[in-house]
$ cat run.cif   # mmCIF, C-alpha atoms
data_coords
loop_
_atom_site.label_atom_id
_atom_site.label_comp_id
_atom_site.auth_asym_id
_atom_site.auth_seq_id
_atom_site.Cartn_x
_atom_site.Cartn_y
_atom_site.Cartn_z
CA MET A 170 26.11 1.62 -12.89
CA THR A 171 26.75 4.12 -10.09
CA ASP A 172 29.45 4.21 -7.46
CA ALA A 173 28.63 2.77 -4.06
CA PRO A 174 26.90 5.44 -1.98
CA SER A 175 28.92 7.10 0.72
CA ALA A 176 28.06 6.74 4.39
CA LYS A 177 27.08 10.40 4.25
CA ARG A 178 24.57 9.66 1.50
CA LEU A 179 22.94 6.86 3.55
CA GLU A 180 22.81 9.19 6.54
CA ARG A 181 21.14 11.87 4.42
CA LEU A 182 18.56 9.32 3.14
CA LEU A 183 17.77 8.33 6.72
CA GLU A 184 17.32 11.98 7.69
CA VAL A 185 14.78 12.43 4.90
CA PHE A 186 13.05 9.15 5.82
CA GLU A 187 12.54 10.54 9.33
CA THR A 188 10.57 13.47 7.90
CA ILE A 189 8.06 11.41 5.85
CA PRO A 190 4.69 12.10 7.50
CA HIS A 191 3.11 8.69 6.87
CA CYS A 192 6.17 6.78 8.08
CA ARG A 193 6.03 8.84 11.28
CA GLU A 194 2.29 8.19 11.57
CA LEU A 195 2.87 4.41 11.56
CA GLY A 196 6.07 4.61 13.61
CA LEU A 197 8.31 2.95 11.00
CA ARG A 198 11.94 2.62 12.08
CA VAL A 199 14.94 1.78 9.92
CA VAL A 200 16.86 -0.89 11.84
CA ASP A 201 19.38 -1.80 9.16
CA PHE A 202 20.56 0.11 6.10
CA GLU A 203 23.44 -0.49 3.76
CA PRO A 204 24.05 0.30 0.11
CA GLY A 205 21.31 -1.50 -1.85
CA SER A 206 19.31 -2.95 1.03
CA GLY A 207 17.59 -2.22 4.31
CA THR A 208 15.21 -3.39 7.01
CA ILE A 209 12.33 -1.48 8.59
CA ARG A 210 10.61 -2.40 11.84
CA LEU A 211 6.97 -1.74 12.70
CA ASP A 212 5.66 -2.53 16.16
CA TYR A 213 2.17 -4.00 16.51
CA GLN A 214 -0.57 -1.45 17.12
CA GLU A 215 -4.26 -2.20 17.53
CA ARG A 216 -5.14 0.85 15.45
CA LEU A 217 -3.51 -0.79 12.41
CA VAL A 218 -5.78 -3.82 12.53
CA GLY A 219 -7.75 -4.71 9.40
CA ASN A 220 -9.36 -7.89 10.70
CA VAL A 221 -10.98 -7.20 14.06
CA GLU A 222 -11.99 -10.80 14.65
CA PHE A 223 -8.41 -12.10 14.67
CA GLY A 224 -6.46 -8.88 15.27
CA PHE A 225 -4.52 -9.13 11.99
CA VAL A 226 -2.99 -5.89 10.72
CA HIS A 227 -4.39 -4.56 7.45
CA GLY A 228 -2.67 -5.61 4.23
CA GLY A 229 -2.18 -1.92 3.48
CA VAL A 230 0.18 -1.70 6.44
CA ILE A 231 2.38 -4.46 4.98
CA THR A 232 2.19 -2.70 1.60
CA THR A 233 3.37 0.53 3.24
CA VAL A 234 6.30 -1.14 5.04
CA LEU A 235 7.46 -2.91 1.86
CA ASP A 236 6.98 0.10 -0.45
CA THR A 237 8.99 2.22 1.99
CA VAL A 238 11.88 -0.18 2.48
CA ALA A 239 12.08 -1.05 -1.24
CA GLY A 240 12.11 2.68 -2.05
CA LEU A 241 14.88 3.26 0.45
CA ALA A 242 16.92 0.41 -1.07
CA ALA A 243 16.36 1.89 -4.56
CA PHE A 244 17.40 5.34 -3.38
CA SER A 245 20.65 4.02 -2.00
CA THR A 246 21.67 2.88 -5.50
CA VAL A 247 21.16 6.15 -7.37
CA GLU A 248 23.18 9.34 -7.52
CA GLU A 249 22.24 12.37 -5.50
CA GLY A 250 19.59 14.44 -7.18
CA THR A 251 17.98 11.50 -9.02
CA SER A 252 14.28 11.20 -8.26
CA VAL A 253 12.71 7.84 -7.41
CA ALA A 254 9.02 7.00 -7.86
CA THR A 255 7.29 3.63 -7.41
CA LEU A 256 6.22 2.26 -10.78
CA ASP A 257 4.67 -0.95 -9.56
CA LEU A 258 4.54 -3.13 -6.52
CA ARG A 259 3.41 -6.73 -6.30
CA ILE A 260 2.84 -8.38 -2.94
CA ASP A 261 2.05 -12.01 -2.13
CA TYR A 262 0.47 -12.41 1.28
CA LEU A 263 1.79 -15.72 2.56
CA LYS A 264 0.17 -15.72 5.99
CA PRO A 265 -1.52 -13.15 8.24
CA ALA A 266 0.78 -11.19 10.52
CA THR A 267 0.58 -12.54 14.09
CA PRO A 268 -1.02 -10.04 16.52
CA GLU A 269 1.34 -8.40 19.03
CA MET A 270 4.46 -9.34 17.04
CA PRO A 271 6.67 -6.65 15.44
CA ILE A 272 6.87 -6.74 11.64
CA PHE A 273 10.19 -6.49 9.81
CA GLY A 274 10.26 -5.47 6.16
CA PHE A 275 13.45 -6.19 4.20
CA ALA A 276 14.21 -5.15 0.63
CA GLU A 277 17.17 -5.17 -1.68
CA CYS A 278 17.59 -3.27 -4.91
CA TYR A 279 19.23 -5.94 -7.06
CA LYS A 280 19.46 -4.07 -10.36
CA THR A 281 19.54 -0.40 -11.28
CA THR A 282 19.53 0.78 -14.88
CA ARG A 283 19.49 4.33 -16.22
CA HIS A 284 15.71 4.68 -15.88
CA VAL A 285 14.49 1.85 -13.66
CA ALA A 286 15.47 0.29 -10.32
CA PHE A 287 14.37 -3.29 -9.52
CA ALA A 288 13.84 -4.38 -5.94
CA ARG A 289 12.63 -7.47 -4.12
CA GLY A 290 11.79 -7.96 -0.50
CA TYR A 291 9.77 -9.66 2.16
CA ALA A 292 8.16 -9.19 5.55
CA HIS A 293 8.50 -11.42 8.62
CA HIS A 294 8.39 -11.41 12.43
CA GLY A 295 12.11 -11.88 12.96
CA ASP A 296 12.66 -15.18 11.15
CA SER A 297 13.22 -14.68 7.43
CA ALA A 298 12.50 -18.39 6.85
CA ASP A 299 8.90 -17.82 7.98
CA LEU A 300 7.51 -15.03 5.79
CA ILE A 301 4.35 -12.96 6.11
CA ALA A 302 4.67 -11.49 2.63
CA ASN A 303 6.94 -11.40 -0.39
CA CYS A 304 7.26 -8.50 -2.80
CA ALA A 305 8.68 -7.29 -6.08
CA ALA A 306 8.84 -3.59 -6.90
CA THR A 307 10.14 -1.38 -9.68
CA PHE A 308 10.98 2.30 -9.45
CA MET A 309 11.13 4.94 -12.16
CA LEU A 310 14.26 7.06 -11.89
CA GLY A 311 14.60 10.70 -12.83
CA SER A 312 10.92 11.56 -13.33
CA ALA A 313 8.36 12.92 -10.88
CA GLY A 314 9.28 11.47 -7.53
CA TYR A 315 11.44 12.07 -4.51
CA THR A 316 14.80 13.75 -5.02
CA ILE A 317 17.30 13.57 -2.22
CA GLY A 318 20.38 15.71 -2.40
CA GLY A 319 21.30 17.90 -5.35
CA GLU A 320 18.89 20.30 -6.96
CA LYS A 321 15.19 19.61 -6.54
CA GLY A 322 13.87 18.22 -9.85
CA MET B 36 -37.90 -0.31 -6.34
CA GLY B 37 -37.66 -3.35 -4.07
CA LYS B 38 -34.27 -4.11 -5.53
CA ASN B 39 -33.07 -0.56 -4.80
CA THR B 40 -34.19 -0.81 -1.18
CA ASN B 41 -32.33 -4.11 -0.78
CA GLU B 42 -29.25 -2.64 -2.40
CA GLY B 43 -29.48 0.34 -0.07
CA LYS B 44 -29.69 -1.95 2.98
CA ARG B 45 -26.82 -4.02 1.70
CA ALA B 46 -24.73 -0.87 1.15
CA ALA B 47 -25.49 0.31 4.70
CA THR B 48 -24.47 -3.09 6.15
CA ILE B 49 -21.21 -3.03 4.21
CA ALA B 50 -20.50 0.59 5.19
CA ARG B 51 -20.94 -0.41 8.85
CA LEU B 52 -18.53 -3.34 8.34
CA GLY B 53 -16.01 -0.82 7.00
CA GLU B 54 -16.43 1.38 10.04
CA THR B 55 -15.36 -1.48 12.33
CA ILE B 56 -11.84 -1.55 10.82
CA PRO B 57 -9.41 0.46 12.99
CA TYR B 58 -6.86 1.00 10.19
CA ALA B 59 -9.56 2.42 7.90
CA ALA B 60 -10.11 5.20 10.44
CA VAL B 61 -6.34 5.85 10.75
CA ILE B 62 -5.90 6.60 7.04
CA GLY B 63 -9.43 7.95 6.40
CA LEU B 64 -11.06 5.18 4.34
CA GLU B 65 -14.83 5.41 3.88
CA THR B 66 -17.23 3.13 2.10
CA ALA B 67 -19.68 5.20 0.05
CA ARG B 68 -22.01 4.76 -2.86
CA ASP B 69 -22.92 6.84 -5.90
CA GLU B 70 -25.08 6.35 -9.01
CA ALA B 71 -22.45 4.02 -10.48
CA GLY B 72 -22.38 1.74 -7.41
CA PRO B 73 -20.09 1.13 -4.42
CA LEU B 74 -17.31 3.67 -4.05
CA THR B 75 -14.35 3.72 -1.65
CA VAL B 76 -13.11 7.13 -0.55
CA LEU B 77 -9.73 7.97 0.97
CA ARG B 78 -10.09 11.30 2.73
CA TYR B 79 -7.12 13.57 2.44
CA ARG B 80 -5.12 13.91 5.61
CA PRO B 81 -1.59 15.29 6.00
CA SER B 82 -0.51 12.15 7.90
CA ASN B 83 -0.94 10.13 4.67
CA ILE B 84 1.78 12.07 2.84
CA GLY B 85 4.71 9.96 1.63
CA ASN B 86 6.46 12.60 -0.47
CA THR B 87 6.72 16.11 0.91
CA GLN B 88 8.38 17.48 -2.24
CA ILE B 89 5.59 16.93 -4.80
CA PRO B 90 3.72 16.60 -2.32
CA ALA B 91 1.98 13.25 -2.77
CA LEU B 92 0.33 10.51 -0.72
CA HIS B 93 2.37 7.48 0.36
CA GLY B 94 2.24 4.63 -2.17
CA GLY B 95 1.37 2.23 0.64
CA VAL B 96 -1.74 4.22 1.52
CA VAL B 97 -2.79 4.24 -2.14
CA GLY B 98 -2.24 0.47 -2.14
CA ALA B 99 -4.40 0.18 0.98
CA LEU B 100 -7.18 2.15 -0.75
CA LEU B 101 -7.09 -0.21 -3.76
CA GLU B 102 -7.04 -3.32 -1.54
CA HIS B 103 -9.96 -2.00 0.51
CA ALA B 104 -11.92 -1.12 -2.65
CA ALA B 105 -11.33 -4.60 -4.09
CA ILE B 106 -12.46 -6.36 -0.90
CA PHE B 107 -15.53 -4.18 -0.42
CA HIS B 108 -16.52 -4.46 -4.06
CA LEU B 109 -16.37 -8.24 -3.71
CA LEU B 110 -18.51 -8.08 -0.54
CA HIS B 111 -21.13 -6.18 -2.55
CA ALA B 112 -20.95 -8.63 -5.42
CA VAL B 113 -21.19 -11.86 -3.41
CA GLU B 114 -23.62 -10.76 -0.70
CA ASP B 115 -21.62 -12.36 2.08
CA ASP B 116 -20.50 -10.56 5.23
CA ALA B 117 -17.42 -12.71 5.83
CA PHE B 118 -14.24 -11.02 4.64
CA PRO B 119 -12.35 -12.70 1.81
CA LYS B 120 -8.62 -13.23 2.43
CA ILE B 121 -6.17 -11.40 0.21
CA VAL B 122 -3.80 -13.69 -1.70
CA ASN B 123 -1.90 -11.06 -3.63
CA ILE B 124 -2.07 -7.55 -5.03
CA SER B 125 -0.27 -6.02 -7.97
CA ILE B 126 -0.33 -2.23 -7.93
CA ASP B 127 0.55 0.07 -10.84
CA TYR B 128 1.31 3.66 -9.89
CA LEU B 129 0.20 5.76 -12.82
CA ARG B 130 0.32 9.37 -11.65
CA PRO B 131 1.36 11.17 -8.47
CA CYS B 132 -1.48 10.95 -5.97
CA ARG B 133 -1.79 14.55 -4.82
CA CYS B 134 -2.98 15.93 -1.50
CA ALA B 135 -6.72 15.62 -2.08
CA ASP B 136 -9.51 13.11 -1.56
CA THR B 137 -8.98 9.97 -3.63
CA PHE B 138 -11.67 7.61 -4.90
CA ALA B 139 -11.56 3.97 -5.91
CA ARG B 140 -13.87 1.41 -7.41
CA GLY B 141 -13.52 -2.31 -7.94
CA THR B 142 -14.63 -4.48 -10.84
CA LEU B 143 -15.10 -8.21 -10.41
CA VAL B 144 -13.14 -9.66 -13.32
CA LYS B 145 -13.75 -13.29 -12.44
CA GLN B 146 -15.51 -15.01 -9.62
CA GLY B 147 -14.31 -18.59 -9.26
CA ARG B 148 -15.41 -21.09 -6.66
CA ARG B 149 -12.41 -20.40 -4.40
CA ILE B 150 -10.69 -17.36 -5.88
CA ALA B 151 -11.99 -14.02 -7.09
CA ASN B 152 -10.01 -11.71 -9.36
CA VAL B 153 -10.87 -8.06 -8.79
CA ARG B 154 -9.52 -5.03 -10.62
CA ALA B 155 -9.51 -1.72 -8.76
CA GLU B 156 -8.80 1.80 -9.98
CA ALA B 157 -8.16 4.97 -8.01
CA TRP B 158 -8.54 8.55 -9.22
CA GLN B 159 -8.77 12.08 -7.90
CA ASP B 160 -10.33 14.73 -10.20
CA ASP B 161 -11.08 12.63 -13.25
CA PRO B 162 -11.97 8.90 -13.30
CA ALA B 163 -10.53 8.78 -16.84
CA LYS B 164 -7.11 9.69 -15.41
CA PRO B 165 -6.46 7.05 -12.74
CA VAL B 166 -3.63 7.70 -10.28
CA ALA B 167 -3.21 3.98 -9.60
CA ALA B 168 -4.70 0.61 -10.50
CA ALA B 169 -4.41 -2.87 -9.07
CA HIS B 170 -5.50 -6.39 -9.63
CA VAL B 171 -6.16 -8.42 -6.56
CA HIS B 172 -6.70 -12.14 -5.97
CA LEU B 173 -8.98 -12.88 -3.04
CA LEU B 174 -9.71 -16.23 -1.43
CA MET B 175 -13.39 -16.69 -0.73
CA PRO B 176 -14.30 -17.24 2.93
#
$ encode --input "run.cif" --output "structure tokens"
Amino acid sequence: MTDAPSAKRLERLLEVFETIPHCRELGLRVVDFEPGSGTIRLDYQERLVGNVEFGFVHGGVITTVLDTVAGLAAFSTVEEGTSVATLDLRIDYLKPATPEMPIFGFAECYKTTRHVAFARGYAHHGDSADLIANCAATFMLGSAGYTIGGEKG
Amino acid sequence: MGKNTNEGKRAATIARLGETIPYAAVIGLETARDEAGPLTVLRYRPSNIGNTQIPALHGGVVGALLEHAAIFHLLHAVEDDAFPKIVNISIDYLRPCRCADTFARGTLVKQGRRIANVRAEAWQDDPAKPVAAAHVHLLMP
């Protein structure tokens, strides 16, 4: 529906990602980004634990990683100036994240229409055959949400 | 009267359980109670912002609030201190979640032998205008 984003566009998206306060708070890092997909890395931190007994990170942390990476993938498929807002996000928790291990969140935006972007993704510790979580997300385009590049909407 | 005292004790126990969770302190989650029952509060803090343009809270933090509310509501309902395990969560984002305190409450839709289905809603100024809602499947401990 739209032309493939330029390298400059991806660079601009990464610049904006770096300024998101909550992503900085958790220390999220984009380790791979191409048109339509990306991977974010989160290193284990005791302060992100939700289950003290076993040291498992809170589900909300996984939700944040996947929402962020799916949003980034969606953004890379739309034209500059189009806003992107999460409409819904569904996450299946397949197993608890292993303490001390980094978490990788991958997402791809596999379909973008005029108003909605559809993404799917998953989280793992480095082996995408052994998943922590799986997700499906949809994004509303061109309403209240983030606008990157172009006039602020 | 006796029932209220027990409920109060139970609420205090659950609030203490909540305080043991490191991540809850990072994003500002509190377990409270009002006349309508258990209430989960997400205190506003600038580090929770996910969109600096609107500005609005990060969708992941709003998801965490709903997950926390669902789990803690279930703890209240089943009178067990062991945490249920989350199986899945489906979050609908209904309105931008602005830079203010956010509240959430859970409703036990169905309590099965193994699985509980909990609905949670989050709002800011007006409970009739939720900013997000979720349904959550939890595996009983």
$ residues_around --input "run.cif" --residues "stretch 50-67 of chain B" --least-positions-apart "2" --cutoff "7 Å" --atoms "all atoms listed in the file" --output "ChimeraX atom specification"
/A:216-221,227 /B:46-48,69,73-78,83
$ residues_around --input "run.cif" --residues "A:Val200" --least-positions-apart "3" --cutoff "10 Å" --atoms "only C-alpha atoms" --output "JSON list (two decimals) with C-alpha atoms, in the frame of the given file"
[["chain", "number", "residue", "atom", "x", "y", "z"],
["A", 197, "LEU", "CA", 8.31, 2.95, 11.00],
["A", 207, "GLY", "CA", 17.59, -2.22, 4.31],
["A", 208, "THR", "CA", 15.21, -3.39, 7.01],
["A", 209, "ILE", "CA", 12.33, -1.48, 8.59],
["A", 210, "ARG", "CA", 10.61, -2.40, 11.84],
["A", 211, "LEU", "CA", 6.97, -1.74, 12.70],
["A", 273, "PHE", "CA", 10.19, -6.49, 9.81],
["A", 274, "GLY", "CA", 10.26, -5.47, 6.16],
["A", 275, "PHE", "CA", 13.45, -6.19, 4.20]]
$ residues_around --input "run.cif" --residues "B:Thr87" --least-positions-apart "2" --cutoff "12 Å" --atoms "all atoms listed in the file" --output "list in words"
Val185, Phe186, Glu187, Thr188, Ile189, Pro190, His191, Cys192, Gly314, Tyr315, Thr316, Ile317 and Lys321 of chain A; Pro81, Ser82, Asn83, Ile84, Gly85, Ile89, Pro90, Ala91, Leu92, His93, Pro131, Cys132, Arg133 and Cys134 of chain B
$ write_last_selection --input "run.cif" --atoms "C-alpha atoms" --output "compact mmCIF listing (two decimals), in the frame of the given file"
# COMPACT_ATOMS: atom_id res chain seq x y z
CA VAL A 185 14.78 12.43 4.90
CA PHE A 186 13.05 9.15 5.82
CA GLU A 187 12.54 10.54 9.33
CA THR A 188 10.57 13.47 7.90
CA ILE A 189 8.06 11.41 5.85
CA PRO A 190 4.69 12.10 7.50
CA HIS A 191 3.11 8.69 6.87
CA CYS A 192 6.17 6.78 8.08
CA GLY A 314 9.28 11.47 -7.53
CA TYR A 315 11.44 12.07 -4.51
CA THR A 316 14.80 13.75 -5.02
CA ILE A 317 17.30 13.57 -2.22
CA LYS A 321 15.19 19.61 -6.54
CA PRO B 81 -1.59 15.29 6.00
CA SER B 82 -0.51 12.15 7.90
CA ASN B 83 -0.94 10.13 4.67
CA ILE B 84 1.78 12.07 2.84
CA GLY B 85 4.71 9.96 1.63
CA ILE B 89 5.59 16.93 -4.80
CA PRO B 90 3.72 16.60 -2.32
CA ALA B 91 1.98 13.25 -2.77
CA LEU B 92 0.33 10.51 -0.72
CA HIS B 93 2.37 7.48 0.36
CA PRO B 131 1.36 11.17 -8.47
CA CYS B 132 -1.48 10.95 -5.97
CA ARG B 133 -1.79 14.55 -4.82
CA CYS B 134 -2.98 15.93 -1.50
$ resolve_selection --input "run.cif" --expression "the PyMOL selection byres ((chain A and resi 202-205) around 10)" --output "number ranges by chain"
A: 173-176, 178-180, 182-183, 199-201, 206-209, 238-239, 241-247, 275-281, 288
$ write_last_selection --input "run.cif" --atoms "C-alpha atoms" --output "mmCIF file, in the frame of the given file"
data_model
loop_
_atom_site.group_PDB
_atom_site.id
_atom_site.type_symbol
_atom_site.label_atom_id
_atom_site.label_comp_id
_atom_site.auth_asym_id
_atom_site.auth_seq_id
_atom_site.Cartn_x
_atom_site.Cartn_y
_atom_site.Cartn_z
ATOM 1 C CA ALA A 173 28.630 2.770 -4.060
ATOM 2 C CA PRO A 174 26.900 5.440 -1.980
ATOM 3 C CA SER A 175 28.920 7.100 0.720
ATOM 4 C CA ALA A 176 28.060 6.740 4.390
ATOM 5 C CA ARG A 178 24.570 9.660 1.500
ATOM 6 C CA LEU A 179 22.940 6.860 3.550
ATOM 7 C CA GLU A 180 22.810 9.190 6.540
ATOM 8 C CA LEU A 182 18.560 9.320 3.140
ATOM 9 C CA LEU A 183 17.770 8.330 6.720
ATOM 10 C CA VAL A 199 14.940 1.780 9.920
ATOM 11 C CA VAL A 200 16.860 -0.890 11.840
ATOM 12 C CA ASP A 201 19.380 -1.800 9.160
ATOM 13 C CA SER A 206 19.310 -2.950 1.030
ATOM 14 C CA GLY A 207 17.590 -2.220 4.310
ATOM 15 C CA THR A 208 15.210 -3.390 7.010
ATOM 16 C CA ILE A 209 12.330 -1.480 8.590
ATOM 17 C CA VAL A 238 11.880 -0.180 2.480
ATOM 18 C CA ALA A 239 12.080 -1.050 -1.240
ATOM 19 C CA LEU A 241 14.880 3.260 0.450
ATOM 20 C CA ALA A 242 16.920 0.410 -1.070
ATOM 21 C CA ALA A 243 16.360 1.890 -4.560
ATOM 22 C CA PHE A 244 17.400 5.340 -3.380
ATOM 23 C CA SER A 245 20.650 4.020 -2.000
ATOM 24 C CA THR A 246 21.670 2.880 -5.500
ATOM 25 C CA VAL A 247 21.160 6.150 -7.370
ATOM 26 C CA PHE A 275 13.450 -6.190 4.200
ATOM 27 C CA ALA A 276 14.210 -5.150 0.630
ATOM 28 C CA GLU A 277 17.170 -5.170 -1.680
ATOM 29 C CA CYS A 278 17.590 -3.270 -4.910
ATOM 30 C CA TYR A 279 19.230 -5.940 -7.060
ATOM 31 C CA LYS A 280 19.460 -4.070 -10.360
ATOM 32 C CA THR A 281 19.540 -0.400 -11.280
ATOM 33 C CA ALA A 288 13.840 -4.380 -5.940
#
$ residues_around --input "run.cif" --residues "B:Val97" --least-positions-apart "3" --cutoff "10 Å" --atoms "all atoms listed in the file" --output "list in words"
Gly229, Thr232 and Thr233 of chain A; Ile62, Leu77, Asn83, Leu92, His93, Gly94, Leu100, Leu101, Glu102, His103, Ile126, Tyr128, Cys132, Thr137, Phe138, Ala139, Ala157, Val166, Ala167 and Ala168 of chain B
$ residues_around --input "run.cif" --residues "B:Met175" --least-positions-apart "3" --cutoff "6 Å" --atoms "only C-alpha atoms" --output "number ranges by chain"
B: 119, 149-150
$ atom_distance --input "run.cif" --atom1 "atom CA of B:Val113" --atom2 "atom CA of B:Val171"
15.7 Å
$ closest_residue --input "run.cif" --among "A:Met309, A:Ala292, A:Leu195, A:Val226" --to "A:Asp261" --atoms "all atoms listed in the file"
A:Ala292
$ atom_distance --input "run.cif" --atom1 "atom CA of A:Gly196" --atom2 "atom CA of A:Thr307"
24.4 Å
$ atom_distance --input "run.cif" --atom1 "atom CA of A:Phe308" --atom2 "atom CA of A:Ala254"
5.3 Å
$ closest_residue --input "run.cif" --among "A:Pro271, A:Gly290, A:Gly295, A:Gly224" --to "chain B" --atoms "only C-alpha atoms"
A:Gly224
$ resolve_selection --input "run.cif" --expression "the PyMOL selection byres ((chain A and resi 269) around 10)" --output "number ranges by chain"
A: 212-215, 224-226, 266-268, 270-272
$ write_last_selection --input "run.cif" --atoms "C-alpha atoms" --output "short mmCIF file (atom, residue, chain, number, x, y, z; two decimals), keeping the file's coordinate frame"
data_model
loop_
_atom_site.label_atom_id
_atom_site.label_comp_id
_atom_site.auth_asym_id
_atom_site.auth_seq_id
_atom_site.Cartn_x
_atom_site.Cartn_y
_atom_site.Cartn_z
CA ASP A 212 5.66 -2.53 16.16
CA TYR A 213 2.17 -4.00 16.51
CA GLN A 214 -0.57 -1.45 17.12
CA GLU A 215 -4.26 -2.20 17.53
CA GLY A 224 -6.46 -8.88 15.27
CA PHE A 225 -4.52 -9.13 11.99
CA VAL A 226 -2.99 -5.89 10.72
CA ALA A 266 0.78 -11.19 10.52
CA THR A 267 0.58 -12.54 14.09
CA PRO A 268 -1.02 -10.04 16.52
CA MET A 270 4.46 -9.34 17.04
CA PRO A 271 6.67 -6.65 15.44
CA ILE A 272 6.87 -6.74 11.64
#
$ closest_residue --input "run.cif" --among "B:Ala104, B:Leu129, B:Ala163, B:Leu174" --to "chain A" --atoms "all atoms listed in the file"
B:Leu129
$ closest_residue --input "run.cif" --among "B:Leu173, B:Ile124, B:Ala117, B:Ile106" --to "chain A" --atoms "only C-alpha atoms"
B:Ile124
$ closest_residue --input "run.cif" --among "A:Glu184, A:Glu248, A:Glu222, A:Asp257" --to "chain B" --atoms "all atoms listed in the file"
A:Asp257
$ resolve_selection --input "run.cif" --expression "the PyMOL selection byres ((chain A and resi 264) around 8)" --output "list in words"
Tyr262, Leu263, Pro265, Ala266, Leu300, Ile301 and Ala302 of chain A
